[in-house]
file protein_36.csv (CSV, C-alpha atoms)
chain,number,residue,atom,x,y,z
A,640,MET,CA,-23.3,82.7,-8.3
A,641,LYS,CA,-26.4,83.7,-6.4
A,642,PHE,CA,-27.2,87.3,-5.4
A,643,ARG,CA,-28.9,89.2,-2.6
A,644,GLU,CA,-30.3,92.7,-2.3
A,645,PHE,CA,-28.0,95.2,-0.6
A,646,SER,CA,-30.1,97.3,1.7
A,647,ASP,CA,-32.4,99.6,-0.3
A,648,VAL,CA,-29.8,100.9,-2.7
A,649,GLY,CA,-30.7,98.8,-5.7
A,650,TRP,CA,-27.6,96.6,-5.8
A,651,LYS,CA,-27.7,92.9,-6.2
A,652,VAL,CA,-24.4,91.6,-4.8
A,653,SER,CA,-22.9,88.1,-4.9
A,654,GLU,CA,-23.6,86.0,-1.8
A,655,VAL,CA,-19.8,85.5,-1.5
A,656,GLY,CA,-17.6,88.5,-2.1
A,657,LEU,CA,-13.9,88.9,-1.8
A,658,GLY,CA,-12.2,90.2,1.3
A,659,CYS,CA,-9.1,92.0,0.1
A,660,TRP,CA,-7.1,92.2,3.3
A,661,ALA,CA,-4.9,89.2,2.5
A,662,ILE,CA,-3.7,90.6,-0.9
A,663,GLY,CA,-2.7,93.8,0.8
A,664,SER,CA,-0.7,92.9,4.0
A,665,GLU,CA,-0.5,91.0,7.3
A,666,TRP,CA,-1.1,87.5,5.9
A,667,GLY,CA,2.4,86.7,4.8
A,668,ASP,CA,3.8,87.6,1.4
A,669,VAL,CA,1.5,87.8,-1.5
A,670,SER,CA,2.9,88.6,-4.9
A,671,LYS,CA,1.4,91.0,-7.4
A,672,GLU,CA,0.8,88.1,-9.8
A,673,ASP,CA,-1.1,86.1,-7.2
A,674,ALA,CA,-3.2,89.1,-6.1
A,675,THR,CA,-4.1,89.8,-9.7
A,676,GLU,CA,-5.0,86.2,-10.4
A,677,VAL,CA,-7.2,86.0,-7.4
A,678,LEU,CA,-9.1,89.2,-8.4
A,679,LYS,CA,-9.5,88.1,-12.0
A,680,SER,CA,-10.7,84.6,-10.9
A,681,SER,CA,-13.2,86.3,-8.6
A,682,LEU,CA,-14.8,87.9,-11.6
A,683,ASP,CA,-14.8,84.6,-13.5
A,684,HIS,CA,-16.7,83.0,-10.6
A,685,GLY,CA,-19.4,85.7,-10.6
A,686,ILE,CA,-18.2,87.7,-7.6
A,687,ASN,CA,-19.2,91.4,-7.9
A,688,PHE,CA,-18.5,92.7,-4.3
A,689,PHE,CA,-14.9,93.5,-3.2
A,690,ASP,CA,-14.1,94.8,0.3
A,691,THR,CA,-10.8,96.5,1.0
A,692,ALA,CA,-9.4,99.3,3.2
A,693,ASP,CA,-6.9,102.1,2.9
A,694,VAL,CA,-4.6,100.5,5.5
A,695,TYR,CA,-4.3,97.1,3.9
A,696,GLY,CA,-0.7,97.3,2.8
A,697,ASP,CA,-0.9,101.1,3.0
A,698,GLY,CA,-3.1,101.3,0.0
A,699,ARG,CA,-1.6,98.2,-1.8
A,700,SER,CA,-4.9,96.3,-1.7
A,701,GLU,CA,-6.9,99.3,-2.9
A,702,ARG,CA,-4.5,99.8,-5.9
A,703,PHE,CA,-4.9,96.1,-6.9
A,704,VAL,CA,-8.7,96.5,-6.8
A,705,GLY,CA,-8.4,99.7,-8.8
A,706,GLU,CA,-6.5,97.8,-11.5
A,707,LEU,CA,-9.3,95.2,-11.6
A,708,LEU,CA,-11.8,98.0,-12.1
A,709,LYS,CA,-9.9,99.3,-15.1
A,710,SER,CA,-9.7,95.8,-16.6
A,711,THR,CA,-13.4,95.0,-16.8
A,712,ASN,CA,-16.6,96.5,-18.1
A,713,GLU,CA,-18.7,94.3,-15.7
A,714,LYS,CA,-20.5,96.2,-12.9
A,715,ILE,CA,-18.7,95.5,-9.7
A,716,TYR,CA,-19.2,97.1,-6.3
A,717,ILE,CA,-16.2,98.4,-4.3
A,718,ALA,CA,-16.3,98.9,-0.6
A,719,THR,CA,-13.4,100.4,1.2
A,720,LYS,CA,-12.8,101.6,4.8
A,721,SER,CA,-11.4,104.7,6.5
A,722,GLY,CA,-10.3,105.7,9.9
A,723,ARG,CA,-7.5,103.3,10.9
A,724,ARG,CA,-4.9,105.6,9.4
A,725,LEU,CA,-5.4,107.8,12.5
A,726,ASN,CA,-2.5,107.8,14.8
A,727,PRO,CA,-3.4,107.8,17.6
A,728,HIS,CA,-6.7,106.1,16.7
A,729,THR,CA,-9.0,108.1,18.9
A,730,SER,CA,-12.6,109.4,18.7
A,731,ASN,CA,-11.7,113.0,18.1
A,732,GLY,CA,-9.8,112.0,14.9
A,733,TYR,CA,-13.1,111.1,13.3
A,734,ASN,CA,-13.8,114.5,11.9
A,735,LEU,CA,-14.5,115.8,8.4
A,736,ASN,CA,-11.0,117.0,7.7
A,737,ASN,CA,-9.3,113.7,8.5
A,738,ILE,CA,-11.9,111.3,7.0
A,739,GLU,CA,-12.3,113.3,3.8
A,740,SER,CA,-8.6,113.4,3.4
A,741,PHE,CA,-8.4,109.6,3.8
A,742,ILE,CA,-11.2,109.2,1.3
A,743,ASP,CA,-9.4,111.5,-1.2
A,744,ARG,CA,-6.4,109.1,-1.0
A,745,SER,CA,-8.6,106.1,-1.5
A,746,LEU,CA,-10.2,107.7,-4.6
A,747,ILE,CA,-6.7,108.0,-6.1
A,748,ASN,CA,-5.7,104.4,-5.1
A,749,LEU,CA,-8.9,103.0,-6.6
A,750,GLY,CA,-8.8,105.3,-9.7
A,751,VAL,CA,-12.4,106.3,-9.3
A,752,ASP,CA,-14.3,109.6,-8.8
A,753,CYS,CA,-16.8,108.1,-6.3
A,754,ILE,CA,-16.6,105.1,-4.0
A,755,ASP,CA,-19.6,102.8,-3.9
A,756,LEU,CA,-19.5,102.1,-0.2
A,757,LEU,CA,-17.3,103.8,2.4
A,758,GLN,CA,-17.2,102.1,5.8
A,759,LEU,CA,-15.8,103.6,9.0
A,760,HIS,CA,-13.1,101.1,10.0
A,761,CYS,CA,-13.8,99.8,13.4
A,762,PRO,CA,-13.9,103.2,15.1
A,763,PRO,CA,-13.9,103.6,18.9
A,764,SER,CA,-17.3,102.7,20.3
A,765,ASP,CA,-18.5,106.2,21.1
A,766,VAL,CA,-18.0,107.2,17.4
A,767,CYS,CA,-20.8,104.8,16.5
A,768,SER,CA,-23.4,106.4,18.7
A,769,LYS,CA,-22.7,110.1,17.8
A,770,LYS,CA,-25.1,111.9,15.3
A,771,GLU,CA,-22.1,114.1,14.4
A,772,THR,CA,-20.4,111.0,12.9
A,773,TYR,CA,-23.2,110.5,10.4
A,774,GLU,CA,-23.7,114.2,9.7
A,775,MET,CA,-20.1,114.1,8.6
A,776,MET,CA,-20.7,111.2,6.3
A,777,ASP,CA,-23.8,112.8,4.8
A,778,GLU,CA,-21.7,115.8,4.0
A,779,ILE,CA,-19.2,113.6,2.1
A,780,VAL,CA,-22.0,111.9,0.2
A,781,LYS,CA,-23.3,115.4,-0.8
A,782,LYS,CA,-19.8,116.2,-2.2
A,783,GLY,CA,-20.1,113.2,-4.5
A,784,LYS,CA,-17.1,111.4,-3.2
A,785,ILE,CA,-19.0,108.4,-1.9
A,786,SER,CA,-22.4,106.9,-2.9
A,787,TYR,CA,-23.3,105.2,0.4
A,788,TYR,CA,-21.7,104.5,3.8
A,789,GLY,CA,-21.7,101.9,6.6
A,790,VAL,CA,-19.7,101.0,9.6
A,791,SER,CA,-17.3,98.1,10.2
A,792,VAL,CA,-17.5,97.2,13.9
A,793,GLU,CA,-16.0,94.9,16.5
A,794,LYS,CA,-18.9,94.7,18.9
A,795,VAL,CA,-22.6,94.0,18.5
A,796,SER,CA,-23.3,97.0,20.8
A,797,GLU,CA,-21.6,99.2,18.2
A,798,ALA,CA,-23.6,97.7,15.4
A,799,MET,CA,-26.8,98.4,17.4
A,800,ASP,CA,-25.8,102.0,17.9
A,801,ALA,CA,-24.9,102.6,14.3
A,802,ILE,CA,-28.1,101.2,12.7
A,803,GLN,CA,-30.2,103.7,14.6
A,804,PHE,CA,-29.1,106.3,12.0
A,805,SER,CA,-31.2,106.0,8.9
A,806,ASN,CA,-28.5,106.6,6.3
A,807,VAL,CA,-26.3,103.8,7.5
A,808,LYS,CA,-26.7,101.2,4.7
A,809,SER,CA,-24.5,98.4,6.0
A,810,ILE,CA,-22.7,96.9,9.0
A,811,GLN,CA,-19.6,94.8,8.6
A,812,ILE,CA,-19.1,92.4,11.5
A,813,ILE,CA,-17.3,89.2,12.4
A,814,PHE,CA,-19.7,86.4,12.0
A,815,ASN,CA,-18.9,82.7,11.8
A,816,MET,CA,-19.5,79.3,13.5
A,817,PHE,CA,-17.2,80.6,16.3
A,818,ARG,CA,-18.7,84.0,16.7
A,819,GLN,CA,-22.5,83.5,16.8
A,820,LYS,CA,-23.7,86.4,19.0
A,821,PRO,CA,-24.6,88.8,16.0
A,822,ALA,CA,-27.4,86.3,15.0
A,823,GLU,CA,-29.4,87.1,18.1
A,824,GLU,CA,-30.8,90.6,18.6
A,825,PHE,CA,-28.7,92.4,16.0
A,826,PHE,CA,-29.8,90.4,12.9
A,827,GLN,CA,-33.5,91.0,13.7
A,828,GLU,CA,-33.0,94.7,14.2
A,829,ALA,CA,-30.9,95.1,11.0
A,830,ALA,CA,-33.6,93.2,9.0
A,831,LYS,CA,-36.3,95.5,10.3
A,832,LYS,CA,-34.2,98.6,9.2
A,833,ASN,CA,-33.1,97.0,5.9
A,834,VAL,CA,-29.4,97.3,6.7
A,835,ALA,CA,-27.1,95.1,4.8
A,836,ILE,CA,-24.9,92.8,6.8
A,837,ILE,CA,-21.3,92.0,5.6
A,838,ALA,CA,-19.9,88.9,7.3
A,839,ARG,CA,-16.2,89.2,7.7
A,840,VAL,CA,-13.6,86.7,9.1
A,841,PRO,CA,-16.0,83.9,7.9
A,842,LEU,CA,-13.4,81.2,8.2
A,843,ALA,CA,-12.0,82.4,11.5
A,844,SER,CA,-8.6,83.3,10.0
A,845,GLY,CA,-8.3,79.8,8.5
A,846,LEU,CA,-9.3,77.8,11.6
A,847,LEU,CA,-12.5,76.8,9.9
A,848,THR,CA,-10.8,75.4,6.8
A,849,GLY,CA,-9.8,72.4,9.0
A,850,LYS,CA,-6.2,72.5,7.8
A,851,MET,CA,-4.6,73.8,11.0
A,852,THR,CA,-3.0,71.7,13.7
A,853,GLU,CA,-1.2,72.3,17.0
A,854,SER,CA,2.0,72.6,15.1
A,855,SER,CA,0.8,75.1,12.5
A,856,SER,CA,3.1,78.1,12.3
A,857,PHE,CA,2.8,81.5,10.4
A,858,PRO,CA,5.2,84.0,8.9
A,859,ALA,CA,6.5,86.9,11.0
A,860,ASN,CA,4.5,89.3,8.9
A,861,ASP,CA,1.2,87.3,9.4
A,862,HIS,CA,-1.2,88.6,12.0
A,863,ARG,CA,-1.8,85.0,13.1
A,864,ASN,CA,1.7,85.1,14.4
A,865,TYR,CA,2.1,88.6,15.9
A,866,ASN,CA,-1.5,89.4,17.0
A,867,ILE,CA,-2.4,86.1,18.7
A,868,LYS,CA,-3.0,87.9,22.0
A,869,GLY,CA,-4.2,91.2,20.5
A,870,GLU,CA,-0.8,92.9,20.6
A,871,ALA,CA,-1.3,94.9,17.4
A,872,PHE,CA,-5.1,95.3,17.1
A,873,ASP,CA,-8.3,93.8,18.4
A,874,VAL,CA,-7.7,90.1,19.1
A,875,GLY,CA,-11.1,89.3,17.7
A,876,GLU,CA,-9.7,89.8,14.2
A,877,THR,CA,-7.3,86.9,14.7
A,878,PHE,CA,-8.9,83.4,14.8
A,879,SER,CA,-12.1,85.3,15.8
A,880,GLY,CA,-10.6,85.8,19.2
A,881,VAL,CA,-10.9,82.1,19.9
A,882,ASN,CA,-8.2,80.3,21.9
A,883,PHE,CA,-6.3,78.4,19.2
A,884,ASP,CA,-6.3,75.1,21.0
A,885,LYS,CA,-10.0,75.3,22.0
A,886,GLY,CA,-10.7,76.2,18.4
A,887,LEU,CA,-8.9,73.1,17.1
A,888,GLN,CA,-11.1,71.0,19.5
A,889,ALA,CA,-14.2,72.6,18.3
A,890,VAL,CA,-13.1,72.1,14.7
A,891,GLU,CA,-12.8,68.3,15.3
A,892,GLU,CA,-16.3,68.2,16.6
A,893,ILE,CA,-17.7,70.1,13.6
A,894,LYS,CA,-15.8,67.8,11.3
A,895,LYS,CA,-18.0,65.0,12.5
A,896,LEU,CA,-21.0,66.9,11.1
A,897,ILE,CA,-19.7,67.6,7.6
A,898,PRO,CA,-22.2,66.2,5.0
A,899,ASN,CA,-21.2,64.2,1.9
A,900,ASN,CA,-19.8,66.4,-0.9
A,901,PHE,CA,-19.0,69.2,1.6
A,902,SER,CA,-15.6,70.4,2.9
A,903,LEU,CA,-15.3,72.1,6.2
A,904,THR,CA,-14.8,75.4,4.3
A,905,ASP,CA,-18.1,74.7,2.4
A,906,LEU,CA,-19.9,74.0,5.7
A,907,ALA,CA,-18.5,77.1,7.4
A,908,LEU,CA,-19.6,79.4,4.5
A,909,LYS,CA,-23.0,77.6,4.0
A,910,TRP,CA,-23.7,78.1,7.7
A,911,ILE,CA,-23.3,81.8,7.3
A,912,LEU,CA,-25.4,81.9,4.1
A,913,MET,CA,-28.2,80.0,5.9
A,914,HIS,CA,-28.9,83.2,7.8
A,915,GLN,CA,-31.1,85.2,5.4
A,916,GLU,CA,-30.3,88.5,7.1
A,917,ILE,CA,-26.7,88.1,5.8
A,918,THR,CA,-26.1,90.1,2.5
A,919,VAL,CA,-22.6,88.9,1.7
A,920,ALA,CA,-19.8,86.9,3.2
A,921,ILE,CA,-16.3,88.1,2.4
A,922,PRO,CA,-13.7,85.3,2.8
A,923,GLY,CA,-10.2,86.3,1.6
A,924,ALA,CA,-7.8,84.4,-0.6
A,925,LYS,CA,-4.1,84.6,-1.3
A,926,LYS,CA,-4.1,81.9,-4.1
A,927,ASN,CA,-6.5,81.0,-6.8
A,928,HIS,CA,-7.3,77.6,-5.5
A,929,GLN,CA,-8.5,79.2,-2.2
A,930,LEU,CA,-10.8,81.5,-4.1
A,931,SER,CA,-12.4,78.5,-6.0
A,932,LYS,CA,-13.1,76.8,-2.7
A,933,ASN,CA,-14.7,79.9,-1.2
A,934,VAL,CA,-17.5,80.1,-3.9
A,935,ASN,CA,-18.5,76.5,-3.8
A,936,ALA,CA,-20.8,76.8,-0.8
A,937,VAL,CA,-23.3,79.0,-2.8
A,938,HIS,CA,-24.5,76.0,-4.8
A,939,LEU,CA,-24.6,73.4,-2.0
A,940,ASP,CA,-27.7,72.0,-0.3
A,941,ASP,CA,-29.6,73.4,2.7
A,942,ILE,CA,-28.1,72.4,6.0
A,943,SER,CA,-31.0,73.3,8.3
A,944,SER,CA,-30.8,70.0,10.2
A,945,LEU,CA,-27.2,70.8,11.2
A,946,MET,CA,-27.7,74.3,12.5
A,947,PRO,CA,-28.7,73.3,16.1
A,948,LEU,CA,-25.8,70.8,16.2
A,949,ILE,CA,-23.3,73.5,15.2
A,950,LYS,CA,-24.8,75.8,17.9
A,951,ASP,CA,-24.3,73.0,20.5
A,952,VAL,CA,-20.6,72.8,19.5
A,953,TYR,CA,-20.2,76.6,19.9
A,954,SER,CA,-22.0,76.5,23.3
A,955,GLN,CA,-19.9,73.6,24.6
A,956,TYR,CA,-16.4,74.8,23.5
A,957,LEU,CA,-16.4,78.6,22.9
A,958,LYS,CA,-19.5,80.5,24.1
A,959,GLU,CA,-18.3,81.1,27.7
A,960,ASP,CA,-15.0,82.6,26.5
A,961,ILE,CA,-16.4,84.5,23.5
A,962,HIS,CA,-20.0,85.6,23.7
A,963,HIS,CA,-19.7,88.4,26.3
A,964,ARG,CA,-16.6,90.0,24.7
A,965,TRP,CA,-17.9,91.3,21.4

call {"tool": "encode", "arguments": {"input": "protein_36.csv", "output": "C-alpha cells"}}
result
Amino acid sequence: MKFREFSDVGWKVSEVGLGCWAIGSEWGDVSKEDATEVLKSSLDHGINFFDTADVYGDGRSERFVGELLKSTNEKIYIATKSGRRLNPHTSNGYNLNNIESFIDRSLINLGVDCIDLLQLHCPPSDVCSKKETYEMMDEIVKKGKISYYGVSVEKVSEAMDAIQFSNVKSIQIIFNMFRQKPAEEFFQEAAKKNVAIIARVPLASGLLTGKMTESSSFPANDHRNYNIKGEAFDVGETFSGVNFDKGLQAVEEIKKLIPNNFSLTDLALKWILMHQEITVAIPGAKKNHQLSKNVNAVHLDDISSLMPLIKDVYSQYLKEDIHHRW
C-alpha cells in the first residue's frame, strides 16, 4: 500500500480506502460474514481509512466498523457522516442539538469516545456556505466528540463554499472518469488550502468495472434499481448520474485504452490516483475478491499518456449531460 498526507492533521492514509456503504445497505443483501471478511481483508491489504455513515443500514455499517476497531491494534482512521437522518432533510435541521445527537449515536455504534473525522452528509447547498455551520462543528470538536471535520458534497460549488472555512479538513466528492469536473477549479483551490479530497463513487456504481451490460439487473433493495432516476436521493450517487446506456458506450471506448496487465477497475482507480490532489479513493466492496481488485491499482505503472484520451471519451459521450449538473 502507498500512503498520502491527509490535510495538515498528521495522518498518513492509504491511497485506497474502503467505502462502507455497501456493507450497510442499499446494494443488495450483504451477510455479516461477508462484511466482516471484507473489513478484515482491508487491513491485510494495508488499508487504514474507512468511510461510513450513520444512515448506512441505520447504523449497521458503523457497527461493523466498530467491531473491526475492537479486533485490531493497528492505527486506522474512521470517517463517518451525519445529517441524513434528518426528516425532512432541510437546512434548519443542521443545528447543534440535532447533529450532536446523531454524533452521540455514532459514537455508540462505533464503540469510540471520539470520531477521527466527522463529515456533514451532503447537506443542502446553503448549509455549506454558512459560518454558523462551522461554528457548530468547532463546538463539537471542543467537546472532544470528534477530532476533525469535513463535508461530503454533491456539487463542486458546495465544495468551493466549504473550503473557505479554515477548519474544514476534507471534502468528499464524486470523482471518476465519468465525473471529471472537480479536477478543474476545485482541485487547485483545495491544494492551496491543504484540504484533503476523498474520492467517492470511484467506479461509478460498478459501471467502470466493465462487467455490466444492457441486460444487467439489480435486486429490489439495490439503489441501482430504485434510484436510477433519482427517486430516493440525488441521482448523481447512482452510476454517477450517467445515463446507463451512454455509460456502457463510454465504457466500450475506454476498454480500448486498457494497458497490458490492467483491468478496467485498475485503470479507473489509477486514473483517480494520478491526480496528486486526491488524498484517498474509497471504492466499496461486498465480497473479498472485489476488495482485492480495488487495491491493485496502487502498484501499477503511471498512465500519463492515457489521461488526454480518457478525457476525450468523457467529452464525447458524457460531458454535455453531466458537467453542468454537479

call {"tool": "closest_residue", "arguments": {"input": "protein_36.csv", "among": "A:Met913, A:Ala835, A:Arg818, A:Ala907", "to": "Phe878 (chain A)", "atoms": "all atoms listed in the file"}}
result
A:Arg818

call {"tool": "atom_distance", "arguments": {"input": "protein_36.csv", "atom1": "CA of Tyr956 (chain A)", "atom2": "CA of Gly886 (chain A)"}}
result
7.8 Å

call {"tool": "closest_atom_pairs", "arguments": {"input": "protein_36.csv", "of": "region 682-725 of chain A", "to": "region 740-764 of chain A", "cutoff": "7 Å", "atoms": "all atoms listed in the file", "output": "JSON lines"}}
result
{"residue": "A:Asp693", "atom": "CA", "partner": "A:Ser745", "partner_atom": "CA", "distance": 6.2}
{"residue": "A:Gly698", "atom": "CA", "partner": "A:Asn748", "partner_atom": "CA", "distance": 6.5}
{"residue": "A:Glu701", "atom": "CA", "partner": "A:Leu749", "partner_atom": "CA", "distance": 5.6}
{"residue": "A:Arg702", "atom": "CA", "partner": "A:Asn748", "partner_atom": "CA", "distance": 4.8}
{"residue": "A:Val704", "atom": "CA", "partner": "A:Leu749", "partner_atom": "CA", "distance": 6.5}
{"residue": "A:Gly705", "atom": "CA", "partner": "A:Leu749", "partner_atom": "CA", "distance": 4.0}
{"residue": "A:Tyr716", "atom": "CA", "partner": "A:Asp755", "partner_atom": "CA", "distance": 6.2}
{"residue": "A:Ile717", "atom": "CA", "partner": "A:Asp755", "partner_atom": "CA", "distance": 5.6}
{"residue": "A:Ala718", "atom": "CA", "partner": "A:Leu756", "partner_atom": "CA", "distance": 4.5}
{"residue": "A:Thr719", "atom": "CA", "partner": "A:Leu757", "partner_atom": "CA", "distance": 5.3}
{"residue": "A:Lys720", "atom": "CA", "partner": "A:Gln758", "partner_atom": "CA", "distance": 4.5}
{"residue": "A:Ser721", "atom": "CA", "partner": "A:Leu759", "partner_atom": "CA", "distance": 5.2}
{"residue": "A:Gly722", "atom": "CA", "partner": "A:His760", "partner_atom": "CA", "distance": 5.4}
{"residue": "A:Arg723", "atom": "CA", "partner": "A:His760", "partner_atom": "CA", "distance": 6.1}

call {"tool": "atom_distance", "arguments": {"input": "protein_36.csv", "atom1": "CA of Glu713 (chain A)", "atom2": "CA of Gly685 (chain A)"}}
result
10.0 Å

call {"tool": "atom_distance", "arguments": {"input": "protein_36.csv", "atom1": "CA of Val840 (chain A)", "atom2": "CA of Ser805 (chain A)"}}
result
26.1 Å

call {"tool": "residues_around", "arguments": {"input": "protein_36.csv", "residues": "region 936-939 of chain A", "least_positions_apart": "3", "cutoff": "9 Å", "atoms": "only C-alpha atoms", "output": "PyMOL selection string"}}
result
chain A and resi 640-641+654-655+900-901+904-909+912+932-933+942

call {"tool": "residues_around", "arguments": {"input": "protein_36.csv", "residues": "region 841-845 of chain A", "least_positions_apart": "3", "cutoff": "7 Å", "atoms": "all atoms listed in the file", "output": "number ranges by chain"}}
result
A: 814-815, 838, 848, 877-879, 907-908, 920-922

call {"tool": "closest_residue", "arguments": {"input": "protein_36.csv", "among": "A:Asp690, A:Asp777, A:Glu876, A:Glu739", "to": "Val807 (chain A)", "atoms": "only C-alpha atoms"}}
result
A:Asp777

call {"tool": "closest_residue", "arguments": {"input": "protein_36.csv", "among": "A:Lys709, A:Lys926, A:Lys850, A:Arg863", "to": "Gly880 (chain A)", "atoms": "all atoms listed in the file"}}
result
A:Arg863

call {"tool": "closest_residue", "arguments": {"input": "protein_36.csv", "among": "A:Val890, A:Ala924, A:Leu930, A:Ile917", "to": "Arg643 (chain A)", "atoms": "all atoms listed in the file"}}
result
A:Ile917

call {"tool": "axis_aligned_box", "arguments": {"input": "protein_36.csv", "around": "region 724-736 of chain A", "padding_each_side": "6 Å", "output": "JSON"}}
result
{"center_x": -8.5, "center_y": 111.3, "center_z": 13.3, "size_x": 24.0, "size_y": 23.4, "size_z": 23.2}

call {"tool": "residues_around", "arguments": {"input": "protein_36.csv", "residues": "Met799 (chain A)", "least_positions_apart": "5", "cutoff": "9 Å", "atoms": "only C-alpha atoms", "output": "MDAnalysis selection string"}}
result
chainID A and resid 767:768 794 824:825 828:829

call {"tool": "closest_residue", "arguments": {"input": "protein_36.csv", "among": "A:Val766, A:Phe872, A:Ser796, A:Glu891", "to": "His963 (chain A)", "atoms": "all atoms listed in the file"}}
result
A:Ser796

call {"tool": "closest_residue", "arguments": {"input": "protein_36.csv", "among": "A:Glu870, A:Asp941, A:Asp861, A:Glu774", "to": "Trp666 (chain A)", "atoms": "all atoms listed in the file"}}
result
A:Asp861

call {"tool": "residues_around", "arguments": {"input": "protein_36.csv", "residues": "region 645-652 of chain A", "least_positions_apart": "2", "cutoff": "9 Å", "atoms": "only C-alpha atoms", "output": "list of chain:residue names"}}
result
A:Lys641, A:Phe642, A:Arg643, A:Glu654, A:Val655, A:Gly656, A:Ile686, A:Asn687, A:Phe688, A:Ile715, A:Tyr716, A:Tyr787, A:Lys808, A:Ser809, A:Lys832, A:Asn833, A:Val834, A:Ala835, A:Ile836, A:Thr918, A:Val919

call {"tool": "build_atoms", "arguments": {"input": "protein_36.csv", "residues": "region 794-805 of chain A", "atoms": "N, CA and C atoms", "output": "short mmCIF file (atom, residue, chain, number, x, y, z; two decimals), in the frame of the given file"}}
result
data_model
loop_
_atom_site.label_atom_id
_atom_site.label_comp_id
_atom_site.auth_asym_id
_atom_site.auth_seq_id
_atom_site.Cartn_x
_atom_site.Cartn_y
_atom_site.Cartn_z
N LYS A 794 -17.95 95.15 17.90
CA LYS A 794 -18.90 94.70 18.90
C LYS A 794 -20.35 94.80 18.39
N VAL A 795 -21.18 93.89 18.85
CA VAL A 795 -22.60 94.00 18.50
C VAL A 795 -23.22 95.26 19.05
N SER A 796 -22.79 95.71 20.21
CA SER A 796 -23.30 97.00 20.80
C SER A 796 -23.05 98.14 19.84
N GLU A 797 -21.89 98.15 19.20
CA GLU A 797 -21.60 99.20 18.20
C GLU A 797 -22.46 99.14 17.02
N ALA A 798 -22.72 97.93 16.56
CA ALA A 798 -23.60 97.70 15.40
C ALA A 798 -25.02 98.24 15.77
N MET A 799 -25.49 97.94 16.95
CA MET A 799 -26.80 98.40 17.40
C MET A 799 -26.93 99.88 17.44
N ASP A 800 -25.86 100.53 17.88
CA ASP A 800 -25.80 102.00 17.90
C ASP A 800 -25.89 102.56 16.49
N ALA A 801 -25.07 102.02 15.60
CA ALA A 801 -24.90 102.60 14.30
C ALA A 801 -26.21 102.49 13.45
N ILE A 802 -26.96 101.39 13.60
CA ILE A 802 -28.10 101.20 12.70
C ILE A 802 -29.33 102.05 13.20
N GLN A 803 -29.15 102.80 14.26
CA GLN A 803 -30.20 103.70 14.60
C GLN A 803 -30.21 104.96 13.72
N PHE A 804 -29.20 105.11 12.89
CA PHE A 804 -29.10 106.30 12.00
C PHE A 804 -29.48 105.85 10.59
N SER A 805 -30.47 106.54 10.03
CA SER A 805 -31.20 106.00 8.90
C SER A 805 -30.35 105.93 7.60
#
